[in-house]
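Just protein-v7.cif here, mmCIF, N, CA and C atoms:
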```cif
data_protein
loop_
_atom_site.group_PDB
_atom_site.id
_atom_site.type_symbol
_atom_site.label_atom_id
_atom_site.label_comp_id
_atom_site.auth_asym_id
_atom_site.auth_seq_id
_atom_site.Cartn_x
_atom_site.Cartn_y
_atom_site.Cartn_z
ATOM 1 N N MET A 1 -11.090 2.222 -2.389
ATOM 2 C CA MET A 1 -10.587 1.836 -3.697
ATOM 3 C C MET A 1 -10.526 0.320 -3.839
ATOM 4 N N HIS A 2 -10.790 -0.384 -2.776
ATOM 5 C CA HIS A 2 -10.800 -1.846 -2.795
ATOM 6 C C HIS A 2 -9.443 -2.424 -3.206
ATOM 7 N N VAL A 3 -8.375 -1.909 -2.588
ATOM 8 C CA VAL A 3 -7.026 -2.395 -2.839
ATOM 9 C C VAL A 3 -6.550 -3.108 -1.585
ATOM 10 N N THR A 4 -6.064 -4.318 -1.752
ATOM 11 C CA THR A 4 -5.631 -5.096 -0.597
ATOM 12 C C THR A 4 -4.209 -4.720 -0.183
ATOM 13 N N ASP A 5 -3.884 -5.052 1.047
ATOM 14 C CA ASP A 5 -2.520 -4.813 1.520
ATOM 15 C C ASP A 5 -1.517 -5.653 0.740
ATOM 16 N N LYS A 6 -1.940 -6.814 0.275
ATOM 17 C CA LYS A 6 -1.058 -7.670 -0.529
ATOM 18 C C LYS A 6 -0.753 -7.020 -1.878
ATOM 19 N N ALA A 7 -1.751 -6.376 -2.467
ATOM 20 C CA ALA A 7 -1.540 -5.678 -3.741
ATOM 21 C C ALA A 7 -0.543 -4.544 -3.558
ATOM 22 N N ILE A 8 -0.705 -3.784 -2.495
ATOM 23 C CA ILE A 8 0.207 -2.670 -2.222
ATOM 24 C C ILE A 8 1.618 -3.191 -1.985
ATOM 25 N N SER A 9 1.741 -4.299 -1.291
ATOM 26 C CA SER A 9 3.053 -4.902 -1.063
ATOM 27 C C SER A 9 3.721 -5.275 -2.384
ATOM 28 N N ARG A 10 2.950 -5.823 -3.321
ATOM 29 C CA ARG A 10 3.500 -6.168 -4.643
ATOM 30 C C ARG A 10 3.953 -4.918 -5.379
ATOM 31 N N TRP A 11 3.182 -3.830 -5.269
ATOM 32 C CA TRP A 11 3.550 -2.574 -5.926
ATOM 33 C C TRP A 11 4.868 -2.067 -5.360
ATOM 34 N N LYS A 12 4.994 -2.097 -4.031
ATOM 35 C CA LYS A 12 6.207 -1.598 -3.382
ATOM 36 C C LYS A 12 7.439 -2.398 -3.798
ATOM 37 N N ARG A 13 7.255 -3.708 -3.976
ATOM 38 C CA ARG A 13 8.388 -4.564 -4.335
ATOM 39 C C ARG A 13 8.641 -4.612 -5.836
ATOM 40 N N GLY A 14 7.802 -3.947 -6.620
ATOM 41 C CA GLY A 14 7.983 -3.929 -8.065
ATOM 42 C C GLY A 14 7.556 -5.209 -8.753
ATOM 43 N N ILE A 15 6.797 -6.032 -8.051
ATOM 44 C CA ILE A 15 6.317 -7.295 -8.613
ATOM 45 C C ILE A 15 5.051 -7.073 -9.438
ATOM 46 N N GLY A 16 4.268 -6.106 -9.055
ATOM 47 C CA GLY A 16 3.031 -5.783 -9.756
ATOM 48 C C GLY A 16 2.825 -4.284 -9.746
ATOM 49 N N TYR A 17 1.844 -3.841 -10.488
ATOM 50 C CA TYR A 17 1.553 -2.414 -10.608
ATOM 51 C C TYR A 17 0.053 -2.197 -10.516
ATOM 52 N N PRO A 18 -0.361 -1.021 -10.052
ATOM 53 C CA PRO A 18 -1.795 -0.766 -9.963
ATOM 54 C C PRO A 18 -2.443 -0.694 -11.344
ATOM 55 N N ASP A 19 -3.693 -1.055 -11.393
ATOM 56 C CA ASP A 19 -4.473 -0.913 -12.616
ATOM 57 C C ASP A 19 -4.493 0.563 -12.980
ATOM 58 N N ILE A 20 -4.323 0.852 -14.241
ATOM 59 C CA ILE A 20 -4.261 2.239 -14.699
ATOM 60 C C ILE A 20 -5.520 3.017 -14.325
ATOM 61 N N GLN A 21 -6.637 2.343 -14.177
ATOM 62 C CA GLN A 21 -7.878 3.014 -13.795
ATOM 63 C C GLN A 21 -7.838 3.502 -12.349
ATOM 64 N N LEU A 22 -6.936 2.962 -11.531
ATOM 65 C CA LEU A 22 -6.813 3.393 -10.138
ATOM 66 C C LEU A 22 -5.952 4.638 -9.977
ATOM 67 N N LEU A 23 -5.182 4.984 -10.993
ATOM 68 C CA LEU A 23 -4.224 6.086 -10.858
ATOM 69 C C LEU A 23 -4.856 7.412 -10.447
ATOM 70 N N PRO A 24 -5.971 7.830 -11.034
ATOM 71 C CA PRO A 24 -6.564 9.103 -10.583
ATOM 72 C C PRO A 24 -6.947 9.082 -9.103
ATOM 73 N N ALA A 25 -7.547 8.011 -8.640
ATOM 74 C CA ALA A 25 -7.945 7.932 -7.231
ATOM 75 C C ALA A 25 -6.727 7.852 -6.317
ATOM 76 N N LEU A 26 -5.707 7.094 -6.731
ATOM 77 C CA LEU A 26 -4.483 7.008 -5.943
ATOM 78 C C LEU A 26 -3.792 8.365 -5.854
ATOM 79 N N SER A 27 -3.705 9.045 -6.979
ATOM 80 C CA SER A 27 -3.030 10.343 -6.975
ATOM 81 C C SER A 27 -3.785 11.350 -6.102
ATOM 82 N N GLU A 28 -5.095 11.294 -6.160
ATOM 83 C CA GLU A 28 -5.895 12.201 -5.322
ATOM 84 C C GLU A 28 -5.687 11.883 -3.847
ATOM 85 N N SER A 29 -5.679 10.618 -3.499
ATOM 86 C CA SER A 29 -5.484 10.213 -2.105
ATOM 87 C C SER A 29 -4.115 10.615 -1.578
ATOM 88 N N LEU A 30 -3.118 10.573 -2.448
ATOM 89 C CA LEU A 30 -1.743 10.893 -2.043
ATOM 90 C C LEU A 30 -1.392 12.362 -2.261
ATOM 91 N N HIS A 31 -2.340 13.132 -2.803
ATOM 92 C CA HIS A 31 -2.154 14.569 -3.041
ATOM 93 C C HIS A 31 -0.984 14.847 -3.989
ATOM 94 N N VAL A 32 -0.910 14.045 -5.050
ATOM 95 C CA VAL A 32 0.076 14.267 -6.113
ATOM 96 C C VAL A 32 -0.645 14.114 -7.444
ATOM 97 N N SER A 33 -0.033 14.587 -8.509
ATOM 98 C CA SER A 33 -0.637 14.411 -9.823
ATOM 99 C C SER A 33 -0.390 12.981 -10.303
ATOM 100 N N VAL A 34 -1.145 12.576 -11.304
ATOM 101 C CA VAL A 34 -0.932 11.251 -11.894
ATOM 102 C C VAL A 34 0.487 11.165 -12.453
ATOM 103 N N ALA A 35 0.965 12.237 -13.079
ATOM 104 C CA ALA A 35 2.321 12.242 -13.624
ATOM 105 C C ALA A 35 3.355 12.039 -12.520
ATOM 106 N N GLU A 36 3.153 12.695 -11.376
ATOM 107 C CA GLU A 36 4.071 12.520 -10.254
ATOM 108 C C GLU A 36 4.018 11.088 -9.732
ATOM 109 N N LEU A 37 2.837 10.537 -9.670
ATOM 110 C CA LEU A 37 2.670 9.169 -9.192
ATOM 111 C C LEU A 37 3.382 8.185 -10.110
ATOM 112 N N ILE A 38 3.210 8.350 -11.399
ATOM 113 C CA ILE A 38 3.811 7.443 -12.374
ATOM 114 C C ILE A 38 5.332 7.566 -12.384
ATOM 115 N N SER A 39 5.826 8.787 -12.292
ATOM 116 C CA SER A 39 7.269 9.003 -12.403
ATOM 117 C C SER A 39 8.002 8.842 -11.076
ATOM 118 N N CYS A 40 7.249 8.791 -9.972
ATOM 119 C CA CYS A 40 7.833 8.718 -8.630
ATOM 120 C C CYS A 40 8.660 9.956 -8.308
ATOM 121 N N LYS A 41 8.294 11.083 -8.901
ATOM 122 C CA LYS A 41 8.983 12.344 -8.644
ATOM 123 C C LYS A 41 7.958 13.411 -8.278
ATOM 124 N N LYS A 42 8.278 14.171 -7.255
ATOM 125 C CA LYS A 42 7.436 15.295 -6.868
ATOM 126 C C LYS A 42 7.871 16.507 -7.668
ATOM 127 N N SER A 43 6.942 17.115 -8.364
ATOM 128 C CA SER A 43 7.273 18.276 -9.175
ATOM 129 C C SER A 43 6.099 19.241 -9.160
ATOM 130 N N SER A 44 6.416 20.506 -9.335
ATOM 131 C CA SER A 44 5.347 21.492 -9.371
ATOM 132 C C SER A 44 4.734 21.585 -10.761
ATOM 133 N N TYR A 45 5.428 21.052 -11.776
ATOM 134 C CA TYR A 45 4.914 21.174 -13.138
ATOM 135 C C TYR A 45 5.507 20.100 -14.040
ATOM 136 N N TYR A 46 4.665 19.479 -14.838
ATOM 137 C CA TYR A 46 5.092 18.552 -15.885
ATOM 138 C C TYR A 46 4.479 19.030 -17.187
ATOM 139 N N SER A 47 5.274 19.106 -18.221
ATOM 140 C CA SER A 47 4.750 19.487 -19.527
ATOM 141 C C SER A 47 4.017 18.299 -20.135
ATOM 142 N N ASN A 48 3.206 18.558 -21.151
ATOM 143 C CA ASN A 48 2.504 17.478 -21.841
ATOM 144 C C ASN A 48 3.501 16.483 -22.426
ATOM 145 N N GLU A 49 4.624 16.986 -22.925
ATOM 146 C CA GLU A 49 5.645 16.108 -23.495
ATOM 147 C C GLU A 49 6.235 15.182 -22.428
ATOM 148 N N GLU A 50 6.474 15.717 -21.236
ATOM 149 C CA GLU A 50 7.016 14.890 -20.155
ATOM 150 C C GLU A 50 6.023 13.799 -19.741
ATOM 151 N N VAL A 51 4.754 14.149 -19.651
ATOM 152 C CA VAL A 51 3.726 13.165 -19.300
ATOM 153 C C VAL A 51 3.648 12.087 -20.375
ATOM 154 N N THR A 52 3.686 12.492 -21.629
ATOM 155 C CA THR A 52 3.658 11.534 -22.738
ATOM 156 C C THR A 52 4.852 10.599 -22.654
ATOM 157 N N ASN A 53 6.033 11.132 -22.377
ATOM 158 C CA ASN A 53 7.235 10.306 -22.263
ATOM 159 C C ASN A 53 7.146 9.334 -21.097
ATOM 160 N N ILE A 54 6.613 9.782 -19.985
ATOM 161 C CA ILE A 54 6.463 8.913 -18.820
ATOM 162 C C ILE A 54 5.535 7.748 -19.155
ATOM 163 N N ILE A 55 4.405 8.051 -19.774
ATOM 164 C CA ILE A 55 3.438 7.000 -20.137
ATOM 165 C C ILE A 55 4.048 6.048 -21.151
ATOM 166 N N HIS A 56 4.753 6.577 -22.135
ATOM 167 C CA HIS A 56 5.417 5.727 -23.139
ATOM 168 C C HIS A 56 6.417 4.786 -22.456
ATOM 169 N N ASN A 57 7.213 5.319 -21.539
ATOM 170 C CA ASN A 57 8.200 4.502 -20.842
ATOM 171 C C ASN A 57 7.535 3.399 -20.022
ATOM 172 N N LEU A 58 6.400 3.691 -19.431
ATOM 173 C CA LEU A 58 5.670 2.662 -18.698
ATOM 174 C C LEU A 58 5.180 1.561 -19.627
ATOM 175 N N GLU A 59 4.665 1.945 -20.771
ATOM 176 C CA GLU A 59 4.165 0.971 -21.727
ATOM 177 C C GLU A 59 5.299 0.075 -22.222
ATOM 178 N N VAL A 60 6.463 0.651 -22.485
ATOM 179 C CA VAL A 60 7.619 -0.121 -22.933
ATOM 180 C C VAL A 60 8.072 -1.064 -21.822
ATOM 181 N N TYR A 61 8.077 -0.568 -20.590
ATOM 182 C CA TYR A 61 8.528 -1.366 -19.440
ATOM 183 C C TYR A 61 7.610 -2.565 -19.201
ATOM 184 N N LYS A 62 6.305 -2.373 -19.417
ATOM 185 C CA LYS A 62 5.343 -3.455 -19.192
ATOM 186 C C LYS A 62 5.497 -4.587 -20.183
ATOM 187 N N LYS A 63 6.073 -4.303 -21.371
ATOM 188 C CA LYS A 63 6.213 -5.339 -22.403
ATOM 189 C C LYS A 63 7.360 -6.213 -22.128
#
```
Starting from the file, give its structure as structure tokens.
Amino acid sequence: MHVTDKAISRWKRGIGYPDIQLLPALSESLHVSVAELISCKKSSYYSNEEVTNIIHNLEVYKK
């Protein structure tokens, strides 16, 4: 995925976030859904409304 250890360190510390285009590959590598990755919660099911809310909250947080 061409992600450096420094980038991952920034993600862990909340200083930076992965490019949204990396989310599918990251989620596949970690064996979680994109929704689980974004929300930092392991769940067996997320509704479309929950995924929409998670994405909306991320967009608001980035501003």
Please expand the PyMOL selection byres (((chain A and resi 39 and name CA) around 12) and name CA) into the concrete residues it hits in this file, giving the result as a PDB file with N, CA and C atoms, in the coordinates of the input.
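New file selection07.pdb:
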```pdb
ATOM      1  N   LEU A  23      -5.182   4.984 -10.993  1.00  0.00           N
ATOM      2  CA  LEU A  23      -4.224   6.086 -10.858  1.00  0.00           C
ATOM      3  C   LEU A  23      -4.856   7.412 -10.447  1.00  0.00           C
ATOM      4  N   SER A  27      -3.705   9.045  -6.979  1.00  0.00           N
ATOM      5  CA  SER A  27      -3.030  10.343  -6.975  1.00  0.00           C
ATOM      6  C   SER A  27      -3.785  11.350  -6.102  1.00  0.00           C
ATOM      7  N   VAL A  32      -0.910  14.045  -5.050  1.00  0.00           N
ATOM      8  CA  VAL A  32       0.076  14.267  -6.113  1.00  0.00           C
ATOM      9  C   VAL A  32      -0.645  14.114  -7.444  1.00  0.00           C
ATOM     10  N   SER A  33      -0.033  14.587  -8.509  1.00  0.00           N
ATOM     11  CA  SER A  33      -0.637  14.411  -9.823  1.00  0.00           C
ATOM     12  C   SER A  33      -0.390  12.981 -10.303  1.00  0.00           C
ATOM     13  N   VAL A  34      -1.145  12.576 -11.304  1.00  0.00           N
ATOM     14  CA  VAL A  34      -0.932  11.251 -11.894  1.00  0.00           C
ATOM     15  C   VAL A  34       0.487  11.165 -12.453  1.00  0.00           C
ATOM     16  N   ALA A  35       0.965  12.237 -13.079  1.00  0.00           N
ATOM     17  CA  ALA A  35       2.321  12.242 -13.624  1.00  0.00           C
ATOM     18  C   ALA A  35       3.355  12.039 -12.520  1.00  0.00           C
ATOM     19  N   GLU A  36       3.153  12.695 -11.376  1.00  0.00           N
ATOM     20  CA  GLU A  36       4.071  12.520 -10.254  1.00  0.00           C
ATOM     21  C   GLU A  36       4.018  11.088  -9.732  1.00  0.00           C
ATOM     22  N   LEU A  37       2.837  10.537  -9.670  1.00  0.00           N
ATOM     23  CA  LEU A  37       2.670   9.169  -9.192  1.00  0.00           C
ATOM     24  C   LEU A  37       3.382   8.185 -10.110  1.00  0.00           C
ATOM     25  N   ILE A  38       3.210   8.350 -11.399  1.00  0.00           N
ATOM     26  CA  ILE A  38       3.811   7.443 -12.374  1.00  0.00           C
ATOM     27  C   ILE A  38       5.332   7.566 -12.384  1.00  0.00           C
ATOM     28  N   CYS A  40       7.249   8.791  -9.972  1.00  0.00           N
ATOM     29  CA  CYS A  40       7.833   8.718  -8.630  1.00  0.00           C
ATOM     30  C   CYS A  40       8.660   9.956  -8.308  1.00  0.00           C
ATOM     31  N   LYS A  41       8.294  11.083  -8.901  1.00  0.00           N
ATOM     32  CA  LYS A  41       8.983  12.344  -8.644  1.00  0.00           C
ATOM     33  C   LYS A  41       7.958  13.411  -8.278  1.00  0.00           C
ATOM     34  N   LYS A  42       8.278  14.171  -7.255  1.00  0.00           N
ATOM     35  CA  LYS A  42       7.436  15.295  -6.868  1.00  0.00           C
ATOM     36  C   LYS A  42       7.871  16.507  -7.668  1.00  0.00           C
ATOM     37  N   SER A  43       6.942  17.115  -8.364  1.00  0.00           N
ATOM     38  CA  SER A  43       7.273  18.276  -9.175  1.00  0.00           C
ATOM     39  C   SER A  43       6.099  19.241  -9.160  1.00  0.00           C
ATOM     40  N   TYR A  46       4.665  19.479 -14.838  1.00  0.00           N
ATOM     41  CA  TYR A  46       5.092  18.552 -15.885  1.00  0.00           C
ATOM     42  C   TYR A  46       4.479  19.030 -17.187  1.00  0.00           C
ATOM     43  N   GLU A  50       6.474  15.717 -21.236  1.00  0.00           N
ATOM     44  CA  GLU A  50       7.016  14.890 -20.155  1.00  0.00           C
ATOM     45  C   GLU A  50       6.023  13.799 -19.741  1.00  0.00           C
ATOM     46  N   VAL A  51       4.754  14.149 -19.651  1.00  0.00           N
ATOM     47  CA  VAL A  51       3.726  13.165 -19.300  1.00  0.00           C
ATOM     48  C   VAL A  51       3.648  12.087 -20.375  1.00  0.00           C
ATOM     49  N   THR A  52       3.686  12.492 -21.629  1.00  0.00           N
ATOM     50  CA  THR A  52       3.658  11.534 -22.738  1.00  0.00           C
ATOM     51  C   THR A  52       4.852  10.599 -22.654  1.00  0.00           C
ATOM     52  N   ASN A  53       6.033  11.132 -22.377  1.00  0.00           N
ATOM     53  CA  ASN A  53       7.235  10.306 -22.263  1.00  0.00           C
ATOM     54  C   ASN A  53       7.146   9.334 -21.097  1.00  0.00           C
ATOM     55  N   ILE A  54       6.613   9.782 -19.985  1.00  0.00           N
ATOM     56  CA  ILE A  54       6.463   8.913 -18.820  1.00  0.00           C
ATOM     57  C   ILE A  54       5.535   7.748 -19.155  1.00  0.00           C
ATOM     58  N   ILE A  55       4.405   8.051 -19.774  1.00  0.00           N
ATOM     59  CA  ILE A  55       3.438   7.000 -20.137  1.00  0.00           C
ATOM     60  C   ILE A  55       4.048   6.048 -21.151  1.00  0.00           C
ATOM     61  N   HIS A  56       4.753   6.577 -22.135  1.00  0.00           N
ATOM     62  CA  HIS A  56       5.417   5.727 -23.139  1.00  0.00           C
ATOM     63  C   HIS A  56       6.417   4.786 -22.456  1.00  0.00           C
ATOM     64  N   ASN A  57       7.213   5.319 -21.539  1.00  0.00           N
ATOM     65  CA  ASN A  57       8.200   4.502 -20.842  1.00  0.00           C
ATOM     66  C   ASN A  57       7.535   3.399 -20.022  1.00  0.00           C
ATOM     67  N   LEU A  58       6.400   3.691 -19.431  1.00  0.00           N
ATOM     68  CA  LEU A  58       5.670   2.662 -18.698  1.00  0.00           C
ATOM     69  C   LEU A  58       5.180   1.561 -19.627  1.00  0.00           C
TER      70      LEU A  58
END
```
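Pairwise distance (atom CA of A:Ser9, atom CA of A:Pro24) equals 19.5 Å.
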Separating atom C of A:Glu49 from atom CA of A:Ile20, to the nearest tenth of an Å, is a gap of 18.4 Å
Can you list, as JSON, numbers by chain, every residue of chain A that DSSP puts in alpha helix (DSSP H)? {"A": [5, 6, 7, 8, 9, 10, 11, 12, 13, 23, 24, 25, 26, 27, 28, 29, 30, 34, 35, 36, 37, 38, 39, 48, 49, 50, 51, 52, 53, 54, 55, 56, 57, 58, 59, 60, 61, 62]}
What would the selection look like, as number ranges by chain, if the PyMOL selection byres (((chain A and resi 17 and name CA) around 12) and name CA) were run on the coordinates I just shared?
A: 3, 6-16, 18-23, 37-38, 58-59, 61-62
